[in-house]
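Reading through the structure tokens given below for one structure.
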Amino acid sequence: MKDNNKEMFPVVDEEGNIIGAATRGECHSGSKLLHPVVHLHVFNSKGELYLQKRPEWKDIQPGKWDTAVGGHIDLGESVEMALKREAREELGIEDFTPQLLKHYVFESDREKELVFAHKTVYDGPISPSKELDGGQFWTLQDIKDALGKGILTPNFEREFKILFEAGQSI
């Protein structure tokens with residue numbers, strides 16, 4: 001498996017207004033074209049946070065633990081549509097109520113994303129897709145212990161610190 005570099009993404013301003021379009025390959029080539037993504041932090045009722053394991057074939061951060069659901073918003077798709085599609089595709093979750101936490105710009109050496117971060121509490125079945133290398137619930141202490149050790153993606157670490165260590169309610 002590998003990512004489809006011809007897939008079309010919207011190019012947006014920092015408020016999410018579409019100002020153009022580009023391929024996945026163009027967006028991930030170091031061009032820094034700002035493109036929107038969704039993240040869903042899935043908590044269970046015990047307060048544990050589900051993380052997915054990124055497969056080794058991914059073009060960005062292979063083999064690391066990451067946000068439960070994360071994906072690009074396709075051209076012509078709303079934030080809500082992308083969130084529901086990605087949750088269904090990645091974890092088999094269909095019946096959940098997302099809560100928007102915040103949106104922000106994340107920039108790495110290869111890309112620049114406008115992230116729409118959400119959370120939900122979910123105790124139903126989770127079926128990781130073949131797009132993932134599995135996943136599991138982590139205690140918040142286990143996540144804190146893993147910070148800075150190369151186990152978690154830099155984007156997840158940054159988002160975790162912004163949203164949950166800074167006192168955002170879980």
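All residue names refer to the structure tokens as shown: chains lettered A, B, ... in order, residues numbered from 1 in each chain, ligands numbered from 1 in order.
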Write out as a PDB file with N, CA, C and O atoms, in the first residue's frame each polymer residue whose atoms come within 12 Å of Gly150 in chain A, counting only C-alpha atoms; drop sequence neighbours fewer than 4 positions from it.
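As written to disk, selection09.pdb reads:
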ATOM      1  N   GLN A  61       5.592  10.262   8.986  1.00  0.00           N
ATOM      2  CA  GLN A  61       5.687   9.662  10.322  1.00  0.00           C
ATOM      3  C   GLN A  61       5.321   8.171  10.375  1.00  0.00           C
ATOM      4  O   GLN A  61       4.455   7.750  11.162  1.00  0.00           O
ATOM      5  N   PRO A  62       5.959   7.337   9.562  1.00  0.00           N
ATOM      6  CA  PRO A  62       5.652   5.898   9.593  1.00  0.00           C
ATOM      7  C   PRO A  62       6.000   5.266  10.943  1.00  0.00           C
ATOM      8  O   PRO A  62       6.984   5.650  11.579  1.00  0.00           O
ATOM      9  N   GLY A  63       5.155   4.305  11.383  1.00  0.00           N
ATOM     10  CA  GLY A  63       5.450   3.508  12.572  1.00  0.00           C
ATOM     11  C   GLY A  63       5.226   4.180  13.906  1.00  0.00           C
ATOM     12  O   GLY A  63       5.516   3.585  14.948  1.00  0.00           O
ATOM     13  N   LYS A  64       4.710   5.393  13.913  1.00  0.00           N
ATOM     14  CA  LYS A  64       4.513   6.096  15.184  1.00  0.00           C
ATOM     15  C   LYS A  64       3.043   6.083  15.597  1.00  0.00           C
ATOM     16  O   LYS A  64       2.153   5.880  14.788  1.00  0.00           O
ATOM     17  N   TRP A  65       2.792   6.303  16.890  1.00  0.00           N
ATOM     18  CA  TRP A  65       1.440   6.390  17.440  1.00  0.00           C
ATOM     19  C   TRP A  65       0.909   7.794  17.214  1.00  0.00           C
ATOM     20  O   TRP A  65       1.639   8.774  17.373  1.00  0.00           O
ATOM     21  N   ASP A  66      -0.380   7.880  16.876  1.00  0.00           N
ATOM     22  CA  ASP A  66      -0.952   9.149  16.438  1.00  0.00           C
ATOM     23  C   ASP A  66      -2.400   9.273  16.915  1.00  0.00           C
ATOM     24  O   ASP A  66      -2.987   8.319  17.433  1.00  0.00           O
ATOM     25  N   ILE A 143       0.646   8.299  28.077  1.00  0.00           N
ATOM     26  CA  ILE A 143       0.952   9.236  26.989  1.00  0.00           C
ATOM     27  C   ILE A 143       1.980  10.255  27.458  1.00  0.00           C
ATOM     28  O   ILE A 143       2.982  10.505  26.773  1.00  0.00           O
ATOM     29  N   ASP A 145       4.200   9.903  29.733  1.00  0.00           N
ATOM     30  CA  ASP A 145       5.489   9.212  29.861  1.00  0.00           C
ATOM     31  C   ASP A 145       6.163   8.987  28.514  1.00  0.00           C
ATOM     32  O   ASP A 145       7.387   8.873  28.437  1.00  0.00           O
ATOM     33  N   ALA A 146       5.376   8.894  27.431  1.00  0.00           N
ATOM     34  CA  ALA A 146       5.920   8.639  26.089  1.00  0.00           C
ATOM     35  C   ALA A 146       6.341   9.924  25.366  1.00  0.00           C
ATOM     36  O   ALA A 146       7.046   9.856  24.350  1.00  0.00           O
ATOM     37  N   PRO A 154       5.119  13.932  16.178  1.00  0.00           N
ATOM     38  CA  PRO A 154       5.300  15.295  16.684  1.00  0.00           C
ATOM     39  C   PRO A 154       3.986  16.087  16.683  1.00  0.00           C
ATOM     40  O   PRO A 154       3.735  16.873  17.614  1.00  0.00           O
ATOM     41  N   ASN A 155       3.156  15.884  15.665  1.00  0.00           N
ATOM     42  CA  ASN A 155       1.888  16.604  15.606  1.00  0.00           C
ATOM     43  C   ASN A 155       0.984  16.189  16.765  1.00  0.00           C
ATOM     44  O   ASN A 155       0.369  17.027  17.413  1.00  0.00           O
ATOM     45  N   PHE A 156       0.908  14.881  17.053  1.00  0.00           N
ATOM     46  CA  PHE A 156       0.094  14.434  18.183  1.00  0.00           C
ATOM     47  C   PHE A 156       0.638  15.011  19.486  1.00  0.00           C
ATOM     48  O   PHE A 156      -0.119  15.492  20.331  1.00  0.00           O
ATOM     49  N   GLU A 157       1.958  14.957  19.675  1.00  0.00           N
ATOM     50  CA  GLU A 157       2.548  15.482  20.917  1.00  0.00           C
ATOM     51  C   GLU A 157       2.203  16.954  21.106  1.00  0.00           C
ATOM     52  O   GLU A 157       1.811  17.374  22.193  1.00  0.00           O
TER      53      GLU A 157
END
Extract, using only C-alpha atoms, all DNA, RNA and protein residues at most 12 Å from Leu40 in chain A, discarding same-chain residues fewer than 4 positions from it, and format them as number ranges by chain. A: 49-52, 66-71, 79-80, 82-88, 90-91, 93, 96-103, 115-122, 156, 159-160
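As for CA of Gly47 in chain A and CA of Leu114 in chain A, they are spaced 26.7 Å apart.
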I'd like the neighbourhood of Ala21 in chain A as a list in words, where a residue qualifies if any of its atoms comes within 12 Å (using only C-alpha atoms), though same-chain residues fewer than 6 positions away should be ignored. Lys6, Glu7, Met8, Phe9, Pro10, Val11, Val12, Asp13, Cys27, Leu33, Leu34, His35, Pro36, Ile73, Asp74, Leu75 and Gly76 of chain A
Selection file, N, CA, C and O atoms, as a compact mmCIF listing (two decimals), in the first residue's frame:
# COMPACT_ATOMS: atom_id res chain seq x y z
N LYS A 6 -1.81 11.65 -6.31
CA LYS A 6 -2.63 12.43 -7.25
C LYS A 6 -3.95 12.88 -6.62
O LYS A 6 -4.69 13.65 -7.23
N GLU A 7 -4.26 12.40 -5.39
CA GLU A 7 -5.48 12.80 -4.70
C GLU A 7 -5.52 14.33 -4.57
O GLU A 7 -4.51 14.95 -4.23
N MET A 8 -6.70 14.92 -4.83
CA MET A 8 -6.82 16.39 -4.81
C MET A 8 -7.28 16.90 -3.44
O MET A 8 -8.25 16.41 -2.89
N PHE A 9 -6.55 17.89 -2.93
CA PHE A 9 -6.89 18.55 -1.67
C PHE A 9 -7.22 20.01 -1.93
O PHE A 9 -6.62 20.64 -2.81
N PRO A 10 -8.12 20.60 -1.13
CA PRO A 10 -8.30 22.04 -1.21
C PRO A 10 -7.08 22.74 -0.60
O PRO A 10 -6.47 22.22 0.33
N VAL A 11 -6.75 23.89 -1.13
CA VAL A 11 -5.75 24.77 -0.52
C VAL A 11 -6.55 25.90 0.12
O VAL A 11 -7.47 26.45 -0.50
N VAL A 12 -6.23 26.22 1.40
CA VAL A 12 -7.06 27.14 2.17
C VAL A 12 -6.23 28.25 2.80
O VAL A 12 -5.01 28.16 2.88
N ASP A 13 -6.96 29.29 3.28
CA ASP A 13 -6.32 30.30 4.11
C ASP A 13 -6.44 29.84 5.57
O ASP A 13 -7.00 28.76 5.84
N CYS A 27 1.16 18.99 -1.95
CA CYS A 27 1.00 19.48 -0.58
C CYS A 27 2.06 18.91 0.36
O CYS A 27 2.43 19.56 1.34
N LEU A 33 1.89 24.42 0.98
CA LEU A 33 0.52 24.80 0.62
C LEU A 33 -0.38 24.39 1.78
O LEU A 33 -0.41 23.22 2.17
N LEU A 34 -1.10 25.33 2.36
CA LEU A 34 -1.94 25.07 3.52
C LEU A 34 -3.17 24.28 3.09
O LEU A 34 -3.94 24.72 2.24
N HIS A 35 -3.32 23.07 3.67
CA HIS A 35 -4.45 22.20 3.33
C HIS A 35 -5.10 21.71 4.63
O HIS A 35 -4.44 21.51 5.64
N PRO A 36 -6.44 21.53 4.61
CA PRO A 36 -7.15 21.21 5.85
C PRO A 36 -7.20 19.72 6.16
O PRO A 36 -7.29 18.88 5.27
N ILE A 73 -9.13 16.58 4.39
CA ILE A 73 -10.44 16.95 3.87
C ILE A 73 -10.29 16.96 2.35
O ILE A 73 -9.41 17.63 1.82
N ASP A 74 -11.13 16.19 1.68
CA ASP A 74 -11.07 16.12 0.23
C ASP A 74 -11.70 17.36 -0.40
O ASP A 74 -12.54 18.02 0.22
N LEU A 75 -11.30 17.64 -1.61
CA LEU A 75 -11.89 18.74 -2.36
C LEU A 75 -13.40 18.54 -2.43
O LEU A 75 -13.87 17.45 -2.76
N GLY A 76 -14.18 19.54 -2.05
CA GLY A 76 -15.64 19.46 -2.10
C GLY A 76 -16.28 18.89 -0.84
O GLY A 76 -17.50 18.72 -0.79
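In this structure, CA of Glu111 in chain A sits 4.9 Å away from CA of Lys32 in chain A.
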For Arg110 in chain A, work out the shell of residues within 7 Å, counting only C-alpha atoms and skipping chain neighbours fewer than 3 positions away, then give it as a list in words. His28, Ser29, Gly30 and Lys32 of chain A
From a DSSP pass on the backbone, collect the residues of chain A flagged as helix (DSSP H, G or I) and hand them back as a PyMOL selection string. chain A and resi 24-27+79-91+140-146+154-165
Can I get the selection written as a CSV table (one decimal), in the first residue's frame, with N, CA, C and O atoms?
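Result saved to again04.csv:
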chain,number,residue,atom,x,y,z
A,24,ARG,N,-2.0,15.7,-3.4
A,24,ARG,CA,-1.4,15.3,-2.1
A,24,ARG,C,0.1,15.4,-2.3
A,24,ARG,O,0.8,15.9,-1.4
A,25,GLY,N,0.6,15.0,-3.5
A,25,GLY,CA,2.1,15.1,-3.7
A,25,GLY,C,2.6,16.5,-3.6
A,25,GLY,O,3.7,16.8,-3.1
A,26,GLU,N,1.8,17.4,-4.2
A,26,GLU,CA,2.3,18.9,-4.1
A,26,GLU,C,2.2,19.4,-2.7
A,26,GLU,O,3.1,20.1,-2.3
A,27,CYS,N,1.2,19.0,-2.0
A,27,CYS,CA,1.0,19.5,-0.6
A,27,CYS,C,2.1,18.9,0.4
A,27,CYS,O,2.4,19.6,1.3
A,79,VAL,N,-15.8,19.9,6.8
A,79,VAL,CA,-15.1,19.4,8.0
A,79,VAL,C,-15.9,18.2,8.6
A,79,VAL,O,-15.4,17.1,8.8
A,80,GLU,N,-17.2,18.4,8.7
A,80,GLU,CA,-18.1,17.3,9.3
A,80,GLU,C,-18.1,16.1,8.5
A,80,GLU,O,-18.0,15.0,9.0
A,81,MET,N,-18.2,16.2,7.2
A,81,MET,CA,-18.2,15.1,6.3
A,81,MET,C,-16.9,14.3,6.3
A,81,MET,O,-16.9,13.1,6.4
A,82,ALA,N,-15.8,15.0,6.3
A,82,ALA,CA,-14.5,14.4,6.4
A,82,ALA,C,-14.3,13.7,7.7
A,82,ALA,O,-13.8,12.6,7.8
A,83,LEU,N,-14.8,14.3,8.8
A,83,LEU,CA,-14.6,13.7,10.2
A,83,LEU,C,-15.4,12.4,10.2
A,83,LEU,O,-14.9,11.3,10.7
A,84,LYS,N,-16.6,12.4,9.8
A,84,LYS,CA,-17.4,11.1,9.8
A,84,LYS,C,-16.9,10.1,8.8
A,84,LYS,O,-16.8,8.9,9.2
A,85,ARG,N,-16.4,10.5,7.6
A,85,ARG,CA,-15.8,9.5,6.7
A,85,ARG,C,-14.5,8.9,7.3
A,85,ARG,O,-14.4,7.7,7.2
A,86,GLU,N,-13.7,9.7,7.8
A,86,GLU,CA,-12.4,9.2,8.3
A,86,GLU,C,-12.6,8.3,9.5
A,86,GLU,O,-12.0,7.3,9.7
A,87,ALA,N,-13.6,8.7,10.4
A,87,ALA,CA,-13.8,7.8,11.6
A,87,ALA,C,-14.4,6.4,11.2
A,87,ALA,O,-14.0,5.4,11.7
A,88,ARG,N,-15.2,6.5,10.1
A,88,ARG,CA,-15.8,5.2,9.6
A,88,ARG,C,-14.7,4.4,8.9
A,88,ARG,O,-14.5,3.2,9.2
A,89,GLU,N,-13.9,5.1,8.1
A,89,GLU,CA,-12.8,4.4,7.3
A,89,GLU,C,-11.7,3.8,8.2
A,89,GLU,O,-11.3,2.7,8.0
A,90,GLU,N,-11.3,4.6,9.2
A,90,GLU,CA,-10.1,4.2,10.0
A,90,GLU,C,-10.5,3.3,11.1
A,90,GLU,O,-9.7,2.4,11.4
A,91,LEU,N,-11.6,3.6,11.8
A,91,LEU,CA,-11.9,2.8,13.0
A,91,LEU,C,-13.3,2.1,13.0
A,91,LEU,O,-13.6,1.4,14.0
A,140,LEU,N,-3.8,8.6,30.2
A,140,LEU,CA,-3.1,9.9,30.0
A,140,LEU,C,-1.7,9.9,30.5
A,140,LEU,O,-0.8,10.6,30.0
A,141,GLN,N,-1.5,9.2,31.6
A,141,GLN,CA,-0.1,9.1,32.2
A,141,GLN,C,0.8,8.4,31.3
A,141,GLN,O,2.0,8.8,31.1
A,142,ASP,N,0.3,7.3,30.7
A,142,ASP,CA,1.2,6.6,29.7
A,142,ASP,C,1.6,7.5,28.5
A,142,ASP,O,2.7,7.4,28.0
A,143,ILE,N,0.6,8.3,28.1
A,143,ILE,CA,1.0,9.2,27.0
A,143,ILE,C,2.0,10.3,27.5
A,143,ILE,O,3.0,10.5,26.8
A,144,LYS,N,1.8,10.8,28.7
A,144,LYS,CA,2.7,11.8,29.2
A,144,LYS,C,4.1,11.2,29.3
A,144,LYS,O,5.1,11.8,29.0
A,145,ASP,N,4.2,9.9,29.7
A,145,ASP,CA,5.5,9.2,29.9
A,145,ASP,C,6.2,9.0,28.5
A,145,ASP,O,7.4,8.9,28.4
A,146,ALA,N,5.4,8.9,27.4
A,146,ALA,CA,5.9,8.6,26.1
A,146,ALA,C,6.3,9.9,25.4
A,146,ALA,O,7.0,9.9,24.4
A,154,PRO,N,5.1,13.9,16.2
A,154,PRO,CA,5.3,15.3,16.7
A,154,PRO,C,4.0,16.1,16.7
A,154,PRO,O,3.7,16.9,17.6
A,155,ASN,N,3.2,15.9,15.7
A,155,ASN,CA,1.9,16.6,15.6
A,155,ASN,C,1.0,16.2,16.8
A,155,ASN,O,0.4,17.0,17.4
A,156,PHE,N,0.9,14.9,17.1
A,156,PHE,CA,0.1,14.4,18.2
A,156,PHE,C,0.6,15.0,19.5
A,156,PHE,O,-0.1,15.5,20.3
A,157,GLU,N,2.0,15.0,19.7
A,157,GLU,CA,2.5,15.5,20.9
A,157,GLU,C,2.2,17.0,21.1
A,157,GLU,O,1.8,17.4,22.2
A,158,ARG,N,2.3,17.7,20.0
A,158,ARG,CA,2.0,19.2,20.1
A,158,ARG,C,0.6,19.4,20.5
A,158,ARG,O,0.2,20.2,21.3
A,159,GLU,N,-0.3,18.7,19.8
A,159,GLU,CA,-1.7,18.8,20.0
A,159,GLU,C,-2.1,18.4,21.4
A,159,GLU,O,-3.0,19.0,22.0
A,160,PHE,N,-1.6,17.3,21.9
A,160,PHE,CA,-1.9,16.8,23.2
A,160,PHE,C,-1.5,17.8,24.2
A,160,PHE,O,-2.3,18.1,25.2
A,161,LYS,N,-0.3,18.4,24.1
A,161,LYS,CA,0.1,19.5,25.0
A,161,LYS,C,-0.8,20.7,25.0
A,161,LYS,O,-1.2,21.2,26.0
A,162,ILE,N,-1.2,21.1,23.8
A,162,ILE,CA,-2.1,22.3,23.6
A,162,ILE,C,-3.5,22.0,24.2
A,162,ILE,O,-4.0,22.8,24.9
A,163,LEU,N,-4.0,20.8,23.9
A,163,LEU,CA,-5.4,20.5,24.3
A,163,LEU,C,-5.6,20.0,25.7
A,163,LEU,O,-6.6,20.3,26.3
A,164,PHE,N,-4.7,19.0,26.1
A,164,PHE,CA,-5.1,18.3,27.3
A,164,PHE,C,-4.1,18.6,28.5
A,164,PHE,O,-4.6,18.5,29.6
A,165,GLU,N,-2.9,18.9,28.2
A,165,GLU,CA,-2.0,19.2,29.3
A,165,GLU,C,-2.3,20.6,29.8
A,165,GLU,O,-2.1,21.0,31.0
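The space separating CA of Ser45 in chain A from CA of Thr153 in chain A comes to 24.5 Å.
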For Tyr104 in chain A, which residue out of A:Glu131, A:Gly20, A:Val37, A:Ser31 is the nearest one, using only C-alpha atoms? A:Val37
Could you pull the residues within 8 Å of Gly92 in chain A, counting only C-alpha atoms, minus those fewer than 4 positions along the same chain, as an MDAnalysis selection string? chainID A and resid 87:88 125:129
Could you dump the residues just selected with N, CA and C atoms as a PDB file, in the first residue's frame?
ATOM      1  N   ALA A  87     -13.558   8.659  10.442  1.00  0.00           N
ATOM      2  CA  ALA A  87     -13.849   7.811  11.613  1.00  0.00           C
ATOM      3  C   ALA A  87     -14.373   6.444  11.160  1.00  0.00           C
ATOM      4  N   ARG A  88     -15.228   6.458  10.139  1.00  0.00           N
ATOM      5  CA  ARG A  88     -15.780   5.209   9.600  1.00  0.00           C
ATOM      6  C   ARG A  88     -14.681   4.393   8.906  1.00  0.00           C
ATOM      7  N   PRO A 125     -17.668  -0.578  19.763  1.00  0.00           N
ATOM      8  CA  PRO A 125     -16.606  -1.347  19.111  1.00  0.00           C
ATOM      9  C   PRO A 125     -15.745  -0.476  18.201  1.00  0.00           C
ATOM     10  N   ILE A 126     -14.459  -0.791  18.184  1.00  0.00           N
ATOM     11  CA  ILE A 126     -13.503  -0.105  17.312  1.00  0.00           C
ATOM     12  C   ILE A 126     -12.823  -1.172  16.463  1.00  0.00           C
ATOM     13  N   SER A 127     -12.862  -0.979  15.145  1.00  0.00           N
ATOM     14  CA  SER A 127     -12.271  -1.934  14.210  1.00  0.00           C
ATOM     15  C   SER A 127     -11.274  -1.215  13.314  1.00  0.00           C
ATOM     16  N   PRO A 128      -9.990  -1.154  13.727  1.00  0.00           N
ATOM     17  CA  PRO A 128      -9.002  -0.457  12.899  1.00  0.00           C
ATOM     18  C   PRO A 128      -8.925  -1.057  11.497  1.00  0.00           C
ATOM     19  N   SER A 129      -8.859  -0.189  10.505  1.00  0.00           N
ATOM     20  CA  SER A 129      -8.813  -0.635   9.110  1.00  0.00           C
ATOM     21  C   SER A 129      -7.417  -1.123   8.740  1.00  0.00           C
TER      22      SER A 129
END
Given the choices A:Asp95, A:Glu14, A:Pro55, A:His39, which gets closest to Asp123 in chain A if the distance is worked out from only C-alpha atoms? A:Asp95
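Among the residues of range 78-149 of chain A, backbone DSSP assigns strand (DSSP E or B) to Gln99, Leu100, Leu101, Lys102, His103, Tyr104, Val105, Phe106, Glu107, Lys112, Glu113, Leu114, Val115, Phe116, Ala117, His118, Lys119, Thr120, Val121, Gly135, Gln136, Phe137 and Trp138 of chain A.
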